[in-house]
$ cat structure05.txt   # compact mmCIF, C-alpha atoms and all ligand atoms
# COMPACT_ATOMS: atom_id res chain seq x y z
CA MET A 244 0.00 0.00 0.00
CA ASN A 245 1.31 3.47 -0.66
CA LYS A 246 1.36 6.42 1.73
CA LYS A 247 -1.69 8.00 0.13
CA GLU A 248 -3.83 4.98 0.87
CA PHE A 249 -3.00 5.18 4.59
CA ALA A 250 -3.68 8.95 4.59
CA LYS A 251 -7.06 8.35 2.94
CA ARG A 252 -8.00 5.83 5.63
CA ARG A 253 -7.06 8.25 8.42
CA GLN A 254 -9.08 10.97 6.71
CA ARG A 255 -12.16 8.73 6.63
CA LEU A 256 -11.77 8.03 10.33
CA ILE A 257 -11.39 11.76 11.06
CA GLU A 258 -14.67 12.42 9.22
CA ILE A 259 -16.45 9.76 11.29
CA MET A 260 -15.00 11.05 14.58
CA GLY A 261 -15.97 14.70 14.26
CA PRO A 262 -14.73 17.65 16.38
CA ASP A 263 -13.67 17.61 20.06
CA SER A 264 -12.62 13.99 19.83
CA ILE A 265 -9.47 11.89 20.00
CA ALA A 266 -8.60 8.34 18.95
CA VAL A 267 -5.92 6.30 20.70
CA LEU A 268 -4.71 3.01 19.21
CA PRO A 269 -1.78 1.08 20.71
CA ASN A 270 -0.01 -1.50 18.57
CA ALA A 271 0.09 -5.20 19.50
CA THR A 272 2.65 -6.30 22.07
CA VAL A 273 5.47 -8.76 21.37
CA SER A 274 4.60 -12.33 22.46
CA ASN A 275 7.23 -14.53 24.01
CA ARG A 276 7.63 -18.01 22.50
CA ASN A 277 10.16 -19.47 24.89
CA ARG A 278 12.85 -17.86 27.04
CA ASP A 279 14.88 -15.51 24.79
CA VAL A 280 12.82 -16.23 21.67
CA ASP A 281 9.81 -14.15 20.69
CA TYR A 282 7.15 -14.91 18.06
CA ILE A 283 7.72 -13.02 14.83
CA TYR A 284 6.11 -9.65 15.34
CA ARG A 285 3.04 -8.65 13.38
CA SER A 286 1.26 -5.33 13.85
CA ASP A 287 -2.34 -5.30 14.95
CA SER A 288 -4.40 -5.21 11.73
CA ASN A 289 -6.20 -1.97 12.61
CA PHE A 290 -2.90 -0.34 13.54
CA HIS A 291 -1.32 -1.28 10.23
CA TYR A 292 -4.50 -0.29 8.38
CA LEU A 293 -4.16 3.30 9.62
CA SER A 294 -0.39 3.72 9.59
CA GLY A 295 1.55 1.10 7.64
CA PHE A 296 3.90 1.32 10.64
CA ASP A 297 5.07 -2.03 11.98
CA GLU A 298 7.17 -1.54 15.09
CA PRO A 299 6.09 -2.67 18.55
CA GLU A 300 5.80 -0.04 21.31
CA SER A 301 3.96 2.39 19.13
CA VAL A 302 0.69 4.29 19.54
CA ILE A 303 -1.41 6.12 16.97
CA VAL A 304 -3.20 9.24 18.20
CA ILE A 305 -5.66 11.06 15.96
CA VAL A 306 -6.97 14.48 16.97
CA PRO A 307 -9.37 15.93 14.37
CA GLY A 308 -8.82 19.67 13.87
CA ARG A 309 -5.61 19.89 15.95
CA PRO A 310 -3.82 22.99 14.66
CA HIS A 311 -0.35 21.40 14.73
CA GLY A 312 -1.49 18.33 12.84
CA GLU A 313 -4.11 15.65 13.34
CA TYR A 314 -1.92 12.54 13.21
CA LEU A 315 0.53 11.78 16.01
CA LEU A 316 2.66 8.68 16.16
CA PHE A 317 4.41 7.63 19.36
CA CYS A 318 7.24 5.19 18.70
CA ARG A 319 10.62 4.02 19.96
CA GLU A 320 13.56 6.40 19.77
CA ARG A 321 16.53 5.63 17.55
CA ASP A 322 19.20 3.77 19.51
CA LEU A 323 22.26 2.59 17.66
CA LYS A 324 23.23 -0.03 20.25
CA LYS A 325 19.77 -1.59 20.27
CA GLU A 326 19.49 -1.36 16.49
CA ILE A 327 22.72 -3.35 16.08
CA TRP A 328 21.10 -6.20 18.01
CA ASP A 329 17.43 -6.00 17.04
CA GLY A 330 17.18 -4.09 13.80
CA TYR A 331 16.28 -0.74 12.38
CA ARG A 332 13.93 1.72 14.08
CA ALA A 333 12.22 4.57 12.25
CA GLY A 334 12.45 6.92 15.22
CA GLN A 335 10.59 10.22 15.39
CA GLU A 336 12.14 11.56 12.20
CA GLY A 337 11.25 8.43 10.24
CA ALA A 338 7.70 8.48 11.62
CA VAL A 339 7.21 11.94 10.12
CA GLU A 340 9.18 11.55 6.91
CA LYS A 341 8.45 7.96 5.96
CA TYR A 342 5.08 7.38 7.53
CA GLY A 343 3.43 10.78 7.18
CA ALA A 344 2.90 11.57 10.88
CA ASP A 345 2.31 15.26 11.56
CA ASP A 346 4.15 14.91 14.87
CA SER A 347 6.02 12.08 16.51
CA TYR A 348 7.14 11.59 20.11
CA PRO A 349 9.05 8.87 21.93
CA PHE A 350 6.92 6.01 23.26
CA SER A 351 8.52 6.66 26.65
CA ASP A 352 7.01 10.18 26.74
CA LEU A 353 3.37 8.95 26.63
CA ASN A 354 2.77 9.70 30.33
CA ASP A 355 3.86 13.30 29.84
CA ILE A 356 1.97 14.03 26.63
CA LEU A 357 -1.16 11.91 26.32
CA PRO A 358 -3.09 13.29 29.35
CA GLY A 359 -2.77 16.78 27.87
CA LEU A 360 -4.16 15.56 24.54
CA LEU A 361 -7.12 13.89 26.27
CA GLU A 362 -7.95 17.07 28.18
CA ASN A 363 -11.17 18.84 27.18
CA LYS A 364 -12.14 16.25 24.59
CA LYS A 365 -15.76 15.15 24.53
CA LYS A 366 -15.28 11.76 22.93
CA VAL A 367 -12.44 9.28 23.23
CA TYR A 368 -12.28 6.56 20.58
CA TYR A 369 -10.56 3.58 22.19
CA THR A 370 -11.09 -0.17 22.37
CA MET A 371 -10.72 -1.84 25.77
CA GLY A 372 -9.42 -5.40 26.01
CA ASN A 373 -7.00 -5.60 23.10
CA VAL A 374 -3.86 -4.55 25.00
CA PRO A 375 -4.61 -4.98 28.73
CA ALA A 376 -1.39 -3.27 29.88
CA PHE A 377 -2.33 -0.19 27.88
CA ASP A 378 -5.93 -0.28 29.18
CA HIS A 379 -4.53 0.29 32.68
CA ARG A 380 -2.62 3.34 31.56
CA MET A 381 -5.66 4.77 29.76
CA VAL A 382 -7.78 4.31 32.89
CA GLU A 383 -5.13 6.06 34.97
CA TRP A 384 -4.91 9.03 32.60
CA LEU A 385 -8.69 9.37 32.46
CA ASN A 386 -9.01 9.10 36.24
CA HIS A 387 -6.35 11.72 36.66
CA LEU A 388 -8.32 14.10 34.42
CA ARG A 389 -11.52 13.41 36.33
CA ASN A 390 -9.78 14.23 39.60
CA ALA A 391 -8.39 17.43 38.12
CA SER A 392 -11.84 18.77 37.29
CA ARG A 393 -11.52 21.23 40.18
CA GLN A 394 -8.78 22.95 38.21
CA GLY A 395 -11.26 23.49 35.40
CA LYS A 396 -10.14 20.53 33.25
CA HIS A 397 -12.86 18.50 31.54
CA SER A 398 -12.73 14.78 31.23
CA PRO A 399 -14.40 13.12 28.25
CA ASN A 400 -18.03 12.14 28.70
CA GLU A 401 -18.09 9.45 26.05
CA ILE A 402 -15.82 6.51 25.26
CA VAL A 403 -16.55 5.11 21.81
CA GLU A 404 -15.47 1.73 20.42
CA LEU A 405 -12.70 2.60 17.94
CA ASP A 406 -12.46 -0.93 16.55
CA HIS A 407 -16.06 -0.84 15.42
CA CYS A 408 -15.47 2.29 13.28
CA LEU A 409 -12.36 0.79 11.70
CA ASN A 410 -14.00 -2.59 11.17
CA GLU A 411 -16.74 -1.02 9.09
CA LEU A 412 -14.15 0.80 6.96
CA ARG A 413 -12.15 -2.39 6.49
CA LEU A 414 -15.18 -4.33 5.25
CA TYR A 415 -15.15 -2.38 1.97
CA LYS A 416 -11.95 -3.11 0.06
CA SER A 417 -10.32 -0.43 -2.12
CA SER A 418 -8.82 -1.27 -5.51
CA SER A 419 -5.31 -1.57 -4.04
CA GLU A 420 -6.58 -3.85 -1.30
CA ILE A 421 -8.30 -6.03 -3.91
CA LYS A 422 -5.05 -6.15 -5.86
CA ALA A 423 -3.18 -7.45 -2.80
CA MET A 424 -5.90 -10.02 -2.10
CA ARG A 425 -5.91 -11.18 -5.72
CA TYR A 426 -2.16 -11.74 -5.47
CA ALA A 427 -2.40 -13.60 -2.14
CA ALA A 428 -5.08 -15.83 -3.67
CA GLN A 429 -3.06 -16.40 -6.85
CA ILE A 430 0.06 -17.48 -4.94
CA SER A 431 -2.04 -19.66 -2.64
CA ALA A 432 -3.67 -21.34 -5.66
CA GLN A 433 -0.21 -22.07 -7.05
CA ALA A 434 0.73 -23.58 -3.69
CA HIS A 435 -2.32 -25.88 -3.79
CA ILE A 436 -1.36 -27.01 -7.30
CA ARG A 437 2.17 -27.69 -6.09
CA ALA A 438 0.77 -29.76 -3.21
CA MET A 439 -1.34 -31.83 -5.64
CA GLU A 440 1.72 -32.43 -7.80
CA PHE A 441 3.84 -33.45 -4.81
CA ALA A 442 1.46 -35.52 -2.67
CA ALA A 443 1.84 -39.31 -2.84
CA VAL A 444 1.37 -42.41 -0.75
CA GLY A 445 4.12 -42.54 1.90
CA LYS A 446 4.83 -38.80 2.02
CA TRP A 447 4.22 -37.02 5.32
CA GLU A 448 1.67 -34.30 5.86
CA TYR A 449 4.42 -31.87 6.95
CA GLN A 450 6.29 -32.51 3.72
CA VAL A 451 3.27 -31.30 1.82
CA GLU A 452 3.17 -28.28 4.17
CA ALA A 453 6.80 -27.56 3.27
CA GLU A 454 5.91 -27.43 -0.43
CA ILE A 455 3.15 -24.95 0.31
CA MET A 456 5.41 -22.76 2.46
CA HIS A 457 8.06 -22.79 -0.25
CA GLU A 458 5.60 -21.52 -2.84
CA PHE A 459 4.35 -18.80 -0.48
CA MET A 460 7.77 -17.54 0.56
CA LYS A 461 9.50 -17.60 -2.78
CA ASN A 462 6.72 -15.36 -4.05
CA GLY A 463 7.03 -12.75 -1.32
CA CYS A 464 4.38 -14.06 1.06
CA ARG A 465 6.57 -14.49 4.12
CA SER A 466 3.89 -16.04 6.31
CA PRO A 467 0.75 -18.08 5.96
CA ALA A 468 -2.37 -16.15 6.99
CA TYR A 469 -3.10 -18.92 9.55
CA PRO A 470 -1.53 -22.29 10.39
CA SER A 471 -1.99 -24.61 7.41
CA ILE A 472 -4.30 -27.60 7.81
CA ILE A 473 -2.88 -30.66 6.01
CA GLY A 474 -5.15 -33.56 6.92
CA GLY A 475 -4.85 -36.98 5.30
CA GLY A 476 -7.75 -39.47 5.58
CA GLU A 477 -9.61 -39.19 8.87
CA ASN A 478 -7.60 -36.10 9.85
CA GLY A 479 -9.67 -34.33 7.20
CA CYS A 480 -12.63 -34.75 9.56
CA ILE A 481 -10.92 -32.62 12.25
CA LEU A 482 -11.86 -29.05 11.39
CA HIS A 483 -8.84 -27.35 12.96
CA TYR A 484 -6.27 -30.13 12.46
CA ILE A 485 -2.76 -28.60 12.47
CA GLU A 486 -0.53 -31.37 13.79
CA ASN A 487 0.28 -32.30 10.17
CA ASP A 488 2.51 -35.15 11.32
CA GLN A 489 1.00 -38.29 9.77
CA LYS A 490 1.96 -40.37 6.75
CA LEU A 491 -0.32 -40.20 3.70
CA LYS A 492 -2.09 -43.47 2.94
CA ASN A 493 -3.31 -45.10 -0.25
CA ASN A 494 -7.00 -44.55 -1.07
CA ASP A 495 -7.25 -41.63 1.39
CA LEU A 496 -8.20 -38.09 0.56
CA LEU A 497 -5.98 -35.17 1.59
CA LEU A 498 -7.70 -32.00 2.81
CA ILE A 499 -5.53 -28.89 2.62
CA ASP A 500 -6.69 -25.55 4.02
CA ALA A 501 -3.86 -23.08 3.41
CA GLY A 502 -3.64 -19.43 2.44
CA ALA A 503 -0.83 -16.93 2.16
CA GLU A 504 -0.65 -13.47 3.67
CA TYR A 505 0.59 -10.80 1.29
CA ASP A 506 1.21 -7.23 2.42
CA TYR A 507 -1.11 -7.85 5.40
CA TYR A 508 -3.92 -9.43 3.31
CA ALA A 509 -5.05 -13.03 3.63
CA ALA A 510 -6.07 -15.75 1.25
CA ASP A 511 -7.98 -18.75 2.62
CA ILE A 512 -8.29 -21.72 0.25
CA THR A 513 -9.24 -25.35 0.82
CA ARG A 514 -8.87 -28.16 -1.66
CA THR A 515 -9.46 -31.89 -1.11
CA PHE A 516 -7.94 -34.47 -3.44
CA PRO A 517 -6.91 -38.16 -3.49
CA VAL A 518 -3.43 -38.97 -2.18
CA ASN A 519 -2.85 -41.46 -5.03
CA GLY A 520 -4.29 -39.20 -7.73
CA LYS A 521 -7.59 -41.02 -8.32
CA PHE A 522 -10.88 -40.58 -6.41
CA THR A 523 -12.64 -43.79 -5.29
CA PRO A 524 -16.32 -43.97 -6.36
CA ALA A 525 -17.50 -43.12 -2.81
CA GLN A 526 -15.08 -40.20 -2.51
CA LYS A 527 -16.13 -38.89 -5.90
CA THR A 528 -19.82 -39.06 -5.01
CA LEU A 529 -19.36 -37.08 -1.80
CA TYR A 530 -16.90 -34.69 -3.43
CA ASN A 531 -19.32 -33.75 -6.17
CA ILE A 532 -22.07 -33.08 -3.64
CA VAL A 533 -19.77 -30.60 -1.87
CA LEU A 534 -18.65 -29.11 -5.17
CA ASP A 535 -22.25 -28.60 -6.34
CA ALA A 536 -23.09 -27.01 -2.99
CA GLN A 537 -20.11 -24.69 -3.29
CA LYS A 538 -21.06 -23.62 -6.82
CA ALA A 539 -24.65 -23.01 -5.76
CA ALA A 540 -23.41 -20.89 -2.86
CA ILE A 541 -21.01 -18.87 -5.02
CA ALA A 542 -23.86 -18.16 -7.44
CA GLU A 543 -25.63 -16.35 -4.59
CA VAL A 544 -22.76 -13.91 -4.07
CA LYS A 545 -23.98 -10.70 -5.67
CA PRO A 546 -24.98 -7.22 -4.56
CA GLY A 547 -28.41 -7.08 -2.97
CA ASN A 548 -28.37 -10.68 -1.73
CA HIS A 549 -28.00 -11.00 2.02
CA TRP A 550 -25.15 -12.60 3.96
CA ASN A 551 -26.94 -15.88 4.62
CA GLN A 552 -28.07 -16.65 1.07
CA PRO A 553 -24.89 -18.53 0.06
CA HIS A 554 -25.15 -20.62 3.27
CA GLU A 555 -28.80 -21.41 2.61
CA ALA A 556 -27.98 -22.50 -0.96
CA ALA A 557 -25.12 -24.72 0.24
CA VAL A 558 -27.20 -26.36 2.96
CA ARG A 559 -29.97 -27.15 0.46
CA VAL A 560 -27.67 -28.87 -2.03
CA LEU A 561 -25.79 -30.75 0.71
CA THR A 562 -29.03 -32.00 2.27
CA GLN A 563 -30.39 -33.07 -1.13
CA GLY A 564 -27.16 -34.99 -1.76
CA LEU A 565 -27.22 -36.66 1.66
CA VAL A 566 -30.78 -37.82 1.02
CA ARG A 567 -29.86 -39.10 -2.45
CA ILE A 568 -27.10 -41.34 -1.10
CA GLY A 569 -29.11 -42.49 1.92
CA LEU A 570 -27.24 -40.69 4.71
CA LEU A 571 -30.38 -38.72 5.60
CA GLU A 572 -33.97 -39.81 5.35
CA GLY A 573 -37.07 -37.68 5.31
CA GLU A 574 -38.67 -34.72 3.62
CA LEU A 575 -36.18 -32.14 2.31
CA GLU A 576 -37.74 -29.00 3.80
CA THR A 577 -38.11 -30.65 7.21
CA LEU A 578 -34.54 -31.91 7.19
CA ILE A 579 -33.29 -28.41 6.35
CA GLU A 580 -35.51 -26.77 8.94
CA GLN A 581 -34.36 -29.21 11.63
CA GLU A 582 -30.74 -28.78 10.52
CA GLN A 583 -30.33 -32.56 10.24
CA TYR A 584 -27.29 -32.02 8.03
CA ARG A 585 -25.35 -30.76 11.07
CA ASP A 586 -24.04 -34.24 11.92
CA PHE A 587 -22.06 -34.05 8.67
CA TYR A 588 -21.78 -30.27 8.12
CA MET A 589 -21.23 -28.49 11.42
CA HIS A 590 -19.78 -25.13 10.38
CA ARG A 591 -21.05 -22.15 8.42
CA THR A 592 -20.41 -21.58 4.74
CA GLY A 593 -18.06 -18.61 5.08
CA HIS A 594 -16.76 -15.48 6.75
CA TRP A 595 -15.45 -12.05 5.77
CA LEU A 596 -11.88 -12.11 4.49
CA GLY A 597 -9.29 -9.32 4.57
CA MET A 598 -6.36 -8.37 6.79
CA ASP A 599 -7.53 -11.02 9.25
CA VAL A 600 -8.51 -14.41 7.91
CA HIS A 601 -11.75 -14.25 9.86
CA ASP A 602 -12.08 -10.61 9.02
CA VAL A 603 -13.93 -7.85 10.81
CA GLY A 604 -17.33 -6.38 9.98
CA ASP A 605 -20.82 -7.12 11.26
CA TYR A 606 -22.82 -9.94 9.66
CA LYS A 607 -26.14 -8.50 10.80
CA VAL A 608 -27.31 -4.91 10.73
CA GLY A 609 -30.34 -3.93 12.81
CA GLY A 610 -31.02 -7.60 13.53
CA GLU A 611 -31.17 -8.56 9.83
CA TRP A 612 -28.58 -10.33 7.69
CA ARG A 613 -26.39 -7.71 6.03
CA LEU A 614 -26.78 -7.12 2.28
CA LEU A 615 -23.74 -7.87 0.14
CA GLU A 616 -22.16 -4.82 -1.51
CA PRO A 617 -19.36 -4.35 -4.06
CA GLY A 618 -15.93 -4.41 -2.43
CA MET A 619 -16.76 -6.96 0.25
CA VAL A 620 -14.74 -10.20 0.22
CA LEU A 621 -15.95 -13.46 1.73
CA THR A 622 -15.07 -17.14 1.69
CA VAL A 623 -17.41 -19.86 0.42
CA GLU A 624 -16.45 -23.15 2.05
CA PRO A 625 -19.03 -25.91 2.42
CA GLY A 626 -17.87 -29.38 3.45
CA LEU A 627 -18.95 -32.84 4.52
CA TYR A 628 -17.27 -34.70 7.36
CA ILE A 629 -18.43 -38.28 7.77
CA ARG A 630 -16.83 -40.00 10.75
CA ASP A 631 -18.03 -43.50 11.64
CA PRO A 632 -21.54 -43.42 13.07
CA GLU A 633 -23.06 -46.90 13.28
CA HIS A 634 -26.01 -46.09 11.02
CA VAL A 635 -23.72 -44.97 8.20
CA ASN A 636 -22.50 -47.48 5.62
CA LYS A 637 -18.76 -48.18 6.08
CA LYS A 638 -17.92 -47.04 2.57
CA TRP A 639 -18.43 -43.40 3.67
CA HIS A 640 -16.45 -43.66 6.89
CA PHE A 641 -13.80 -41.04 7.67
CA ILE A 642 -14.17 -39.08 4.47
CA GLY A 643 -13.66 -35.37 5.13
CA ILE A 644 -14.12 -32.89 2.30
CA ARG A 645 -14.10 -29.09 2.16
CA ILE A 646 -13.82 -26.83 -0.88
CA GLU A 647 -13.11 -23.17 -0.11
CA ASP A 648 -12.73 -20.17 -2.39
CA ASP A 649 -12.29 -16.43 -1.81
CA VAL A 650 -14.98 -14.37 -3.48
CA LEU A 651 -15.14 -10.62 -4.12
CA VAL A 652 -18.55 -8.98 -4.52
CA THR A 653 -18.47 -6.87 -7.70
CA LYS A 654 -21.00 -4.40 -9.14
CA THR A 655 -22.50 -7.07 -11.34
CA GLY A 656 -21.97 -10.25 -9.31
CA HIS A 657 -18.72 -11.68 -8.09
CA GLU A 658 -15.12 -12.55 -8.89
CA VAL A 659 -13.57 -15.74 -7.52
CA LEU A 660 -10.11 -14.53 -6.47
CA SER A 661 -8.87 -18.10 -5.95
CA HIS A 662 -10.14 -19.43 -9.31
CA ALA A 663 -6.68 -20.72 -10.31
CA ALA A 664 -6.84 -23.62 -7.82
CA PRO A 665 -8.42 -26.57 -9.67
CA LYS A 666 -11.51 -28.14 -8.12
CA GLU A 667 -13.25 -30.29 -10.78
CA VAL A 668 -12.62 -34.04 -10.32
CA ASP A 669 -11.21 -34.54 -13.82
CA GLU A 670 -9.06 -31.37 -13.61
CA ILE A 671 -7.48 -32.63 -10.39
CA GLU A 672 -6.97 -36.18 -11.67
CA THR A 673 -5.45 -34.94 -14.94
CA LEU A 674 -3.10 -32.56 -13.14
CA MET A 675 -1.98 -35.26 -10.71
CA ALA A 676 -1.49 -37.86 -13.46
CA ALA A 677 0.62 -35.42 -15.49
CA ALA A 678 2.83 -34.67 -12.47
CA ARG A 679 3.28 -38.38 -11.80
CA SER A 680 4.30 -39.16 -15.36
CA LYS A 681 7.14 -36.60 -14.97
CA HIS A 682 8.50 -38.05 -11.71
N1 LIG B 1 -8.80 -21.42 7.51
C1 LIG B 1 -9.79 -21.04 8.42
C2 LIG B 1 -11.12 -21.06 7.82
O1 LIG B 1 -11.30 -21.64 6.77
O2 LIG B 1 -12.03 -20.47 8.31
MN MN B 2 -9.83 -22.07 5.36
MN MN B 3 -12.25 -19.91 5.80

$ encode --input "structure05.txt" --output "structure tokens"
Amino acid sequence: MNKKEFAKRRQRLIEIMGPDSIAVLPNATVSNRNRDVDYIYRSDSNFHYLSGFDEPESVIVIVPGRPHGEYLLFCRERDLKKEIWDGYRAGQEGAVEKYGADDSYPFSDLNDILPGLLENKKKVYYTMGNVPAFDHRMVEWLNHLRNASRQGKHSPNEIVELDHCLNELRLYKSSSEIKAMRYAAQISAQAHIRAMEFAAVGKWEYQVEAEIMHEFMKNGCRSPAYPSIIGGGENGCILHYIENDQKLKNNDLLLIDAGAEYDYYAADITRTFPVNGKFTPAQKTLYNIVLDAQKAAIAEVKPGNHWNQPHEAAVRVLTQGLVRIGLLEGELETLIEQEQYRDFYMHRTGHWLGMDVHDVGDYKVGGEWRLLEPGMVLTVEPGLYIRDPEHVNKKWHFIGIRIEDDVLVTKTGHEVLSHAAPKEVDEIETLMAAARSKH
């Protein structure tokens, strides 16, 4: 994203906030992994969304109408000794020159400066609970102001949820955001193809994961958007399986849910295919039910339809399929109404997608499902997970299938951002056979 995009986002927030207000947004804290090793740092998505600034110990402060500039960035001071060990810091000069802050102060000066900025403001935009250590400081500063009211200082009379304002902005993707998401989806699709070409009986799930990571990283996506799920056979029936430590077996399916993060934007793709390159008849039957459900759901993604329409379409096709093959019995409408499919399909058909894989934004507005609008991005990911209930014929046992694509709502309908990942049975079998003939 370029500097202008971040400035535009801050401007939108300023317009929402109005006069006599202030927004305070601390960045995420560093998490310790073990002893001297920390997890790789990633900015809070809202923090990055407003600033593009990715150092810990930083705080964004926005003060609409402030004569000396509306955008203040508190961050660490330059420190050559520390930079030799831990890397470059922008410092106050960099915050202004590189990141467009109107003013920048050292993070260590917050106690001296922030109470003065909070003084006489009517509204404070802040979200409690994200950074507990910072919550305590905010409460202290606000209490201090309240106690100083005898000296004629006013404390704010309204605290407004900042995250909610930013979440609504983030729900509508700009053209540069869509470009980043298209790229993340493209690289992720390539990674799924690579996994199909590599997978074989006797390989380990983590070896397939390594292929996926290689494709992500060599294309500039340094991290997956979430831990990859690489589930062979019955592991495909565990929705959040991430152990990825089992050997792939003949006649099993492999369910892979993996998406890259590119420039802070996520892809989220699932494909399910046979380890040995050829679906068994039972696998193919179930697979095509899920595929038909997914296509029916994607067809419902268009402006004016509401959030739940793709889910309703998927549930209908899945239930019809389960009746057809004898896994459910009864009248279709009743089965749908009673959610009888839930033994085999226990999650919803999708979620918003963006900087966070389960992205922000309300699904209901005023108690009603939200209408889809151009610029929104969602996943469509129906599945069937048949474990081994006694009443189910053995031939279906431990087949887990999910097919997941990333879909942008456009003015006229939709665009499937992840279209490059094959999902038709014959496409997958042909691709896998071709790869095997080269080995
Ligand atoms: N990969 C997480 C999800 O599909 O929701
Ligand atoms: Mn997924
Ligand atoms: Mn998903």

$ residues_around --input "structure05.txt" --residues "Glu336 of chain A" --least-positions-apart "2" --cutoff "12 Å" --atoms "all atoms listed in the file" --output "JSON, numbers by chain"
{"A": [316, 317, 318, 319, 320, 321, 332, 333, 334, 338, 339, 340, 341, 342, 343, 344, 345, 346, 347, 348, 349]}

$ closest_residue --input "structure05.txt" --among "A:Asn400, A:Thr515, A:Gln581, A:Thr653" --to "ligand MN 2 (chain B)" --atoms "only C-alpha atoms and all ligand atoms"
A:Thr515

$ closest_atom_pairs --input "structure05.txt" --of "chain A" --to "ligand MN 2 (chain B)" --cutoff "9 Å" --atoms "all atoms listed in the file" --output "Markdown table"
| residue | atom | partner | partner_atom | distance |
| --- | --- | --- | --- | --- |
| A:Tyr469 | CA | B:MN2 | MN | 8.5 |
| A:Ser471 | CA | B:MN2 | MN | 8.5 |
| A:Ile472 | CA | B:MN2 | MN | 8.2 |
| A:Ile499 | CA | B:MN2 | MN | 8.5 |
| A:Asp500 | CA | B:MN2 | MN | 4.9 |
| A:Ala501 | CA | B:MN2 | MN | 6.4 |
| A:Gly502 | CA | B:MN2 | MN | 7.3 |
| A:Ala510 | CA | B:MN2 | MN | 8.4 |
| A:Asp511 | CA | B:MN2 | MN | 4.7 |
| A:Ile512 | CA | B:MN2 | MN | 5.3 |
| A:Thr513 | CA | B:MN2 | MN | 5.6 |
| A:Gly593 | CA | B:MN2 | MN | 8.9 |
| A:Val600 | CA | B:MN2 | MN | 8.2 |
| A:Thr622 | CA | B:MN2 | MN | 8.1 |
| A:Glu624 | CA | B:MN2 | MN | 7.5 |
| A:Arg645 | CA | B:MN2 | MN | 8.8 |
| A:Ile646 | CA | B:MN2 | MN | 8.8 |
| A:Glu647 | CA | B:MN2 | MN | 6.5 |
| A:Asp648 | CA | B:MN2 | MN | 8.5 |

$ closest_residue --input "structure05.txt" --among "A:Glu633, A:Glu543, A:Asp599, A:Glu580" --to "Thr655 of chain A" --atoms "only C-alpha atoms"
A:Glu543

$ closest_residue --input "structure05.txt" --among "A:Asp488, A:Asp279, A:Glu440, A:Asp322" --to "His682 of chain A" --atoms "all atoms listed in the file"
A:Glu440

$ closest_residue --input "structure05.txt" --among "A:Gly337, A:Gly372, A:Gly547, A:Gly597" --to "ligand MN 3 (chain B)" --atoms "all atoms listed in the file"
A:Gly597

$ atom_distance --input "structure05.txt" --atom1 "atom CA of Gly618 of chain A" --atom2 "atom CA of Tyr415 of chain A"
4.9 Å

$ residues_around --input "structure05.txt" --residues "Asn519 of chain A" --least-positions-apart "3" --cutoff "9 Å" --atoms "all atoms listed in the file" --output "PDB file with C-alpha atoms, in the frame of the given file"
ATOM      1  CA  ALA A 442       1.460 -35.520  -2.670  1.00  0.00           C
ATOM      2  CA  ALA A 443       1.840 -39.310  -2.840  1.00  0.00           C
ATOM      3  CA  VAL A 444       1.370 -42.410  -0.750  1.00  0.00           C
ATOM      4  CA  LYS A 492      -2.090 -43.470   2.940  1.00  0.00           C
ATOM      5  CA  ASN A 493      -3.310 -45.100  -0.250  1.00  0.00           C
ATOM      6  CA  ASN A 494      -7.000 -44.550  -1.070  1.00  0.00           C
ATOM      7  CA  ASP A 495      -7.250 -41.630   1.390  1.00  0.00           C
ATOM      8  CA  LEU A 496      -8.200 -38.090   0.560  1.00  0.00           C
ATOM      9  CA  PHE A 516      -7.940 -34.470  -3.440  1.00  0.00           C
ATOM     10  CA  PHE A 522     -10.880 -40.580  -6.410  1.00  0.00           C
ATOM     11  CA  MET A 675      -1.980 -35.260 -10.710  1.00  0.00           C
TER      12      MET A 675
END

$ residues_around --input "structure05.txt" --residues "Tyr292 of chain A" --least-positions-apart "6" --cutoff "9 Å" --atoms "only C-alpha atoms" --output "list of chain:residue names"
A:Phe249, A:Arg252, A:Arg253, A:Leu409, A:Arg413, A:Tyr507, A:Met598

$ write_last_selection --input "structure05.txt" --atoms "C-alpha atoms" --output "JSON list (two decimals), in the coordinates of the input"
[["chain", "number", "residue", "atom", "x", "y", "z"],
["A", 249, "PHE", "CA", -3.00, 5.18, 4.59],
["A", 252, "ARG", "CA", -8.00, 5.83, 5.63],
["A", 253, "ARG", "CA", -7.06, 8.25, 8.42],
["A", 409, "LEU", "CA", -12.36, 0.79, 11.70],
["A", 413, "ARG", "CA", -12.15, -2.39, 6.49],
["A", 507, "TYR", "CA", -1.11, -7.85, 5.40],
["A", 598, "MET", "CA", -6.36, -8.37, 6.79]]

$ atom_distance --input "structure05.txt" --atom1 "atom CA of Leu615 of chain A" --atom2 "atom CA of His549 of chain A"
5.6 Å

$ closest_residue --input "structure05.txt" --among "A:Ile642, A:Leu596, A:Val451, A:Ala677" --to "Leu414 of chain A" --atoms "only C-alpha atoms"
A:Leu596

$ closest_residue --input "structure05.txt" --among "A:Leu575, A:Val635, A:Val668, A:Ile473" --to "ligand LIG 1 (chain B)" --atoms "all atoms listed in the file"
A:Ile473

$ residues_around --input "structure05.txt" --residues "Leu497 of chain A" --least-positions-apart "4" --cutoff "9 Å" --atoms "only C-alpha atoms" --output "list in words"
Ala442, Glu448, Ile473, Gly474, Gly475, Gly476, Asn478, Gly479, Leu491, Arg514, Thr515, Phe516, Pro517, Val518, Gly643 and Ile644 of chain A

$ atom_distance --input "structure05.txt" --atom1 "atom CA of Lys366 of chain A" --atom2 "atom CA of Cys408 of chain A"
13.5 Å
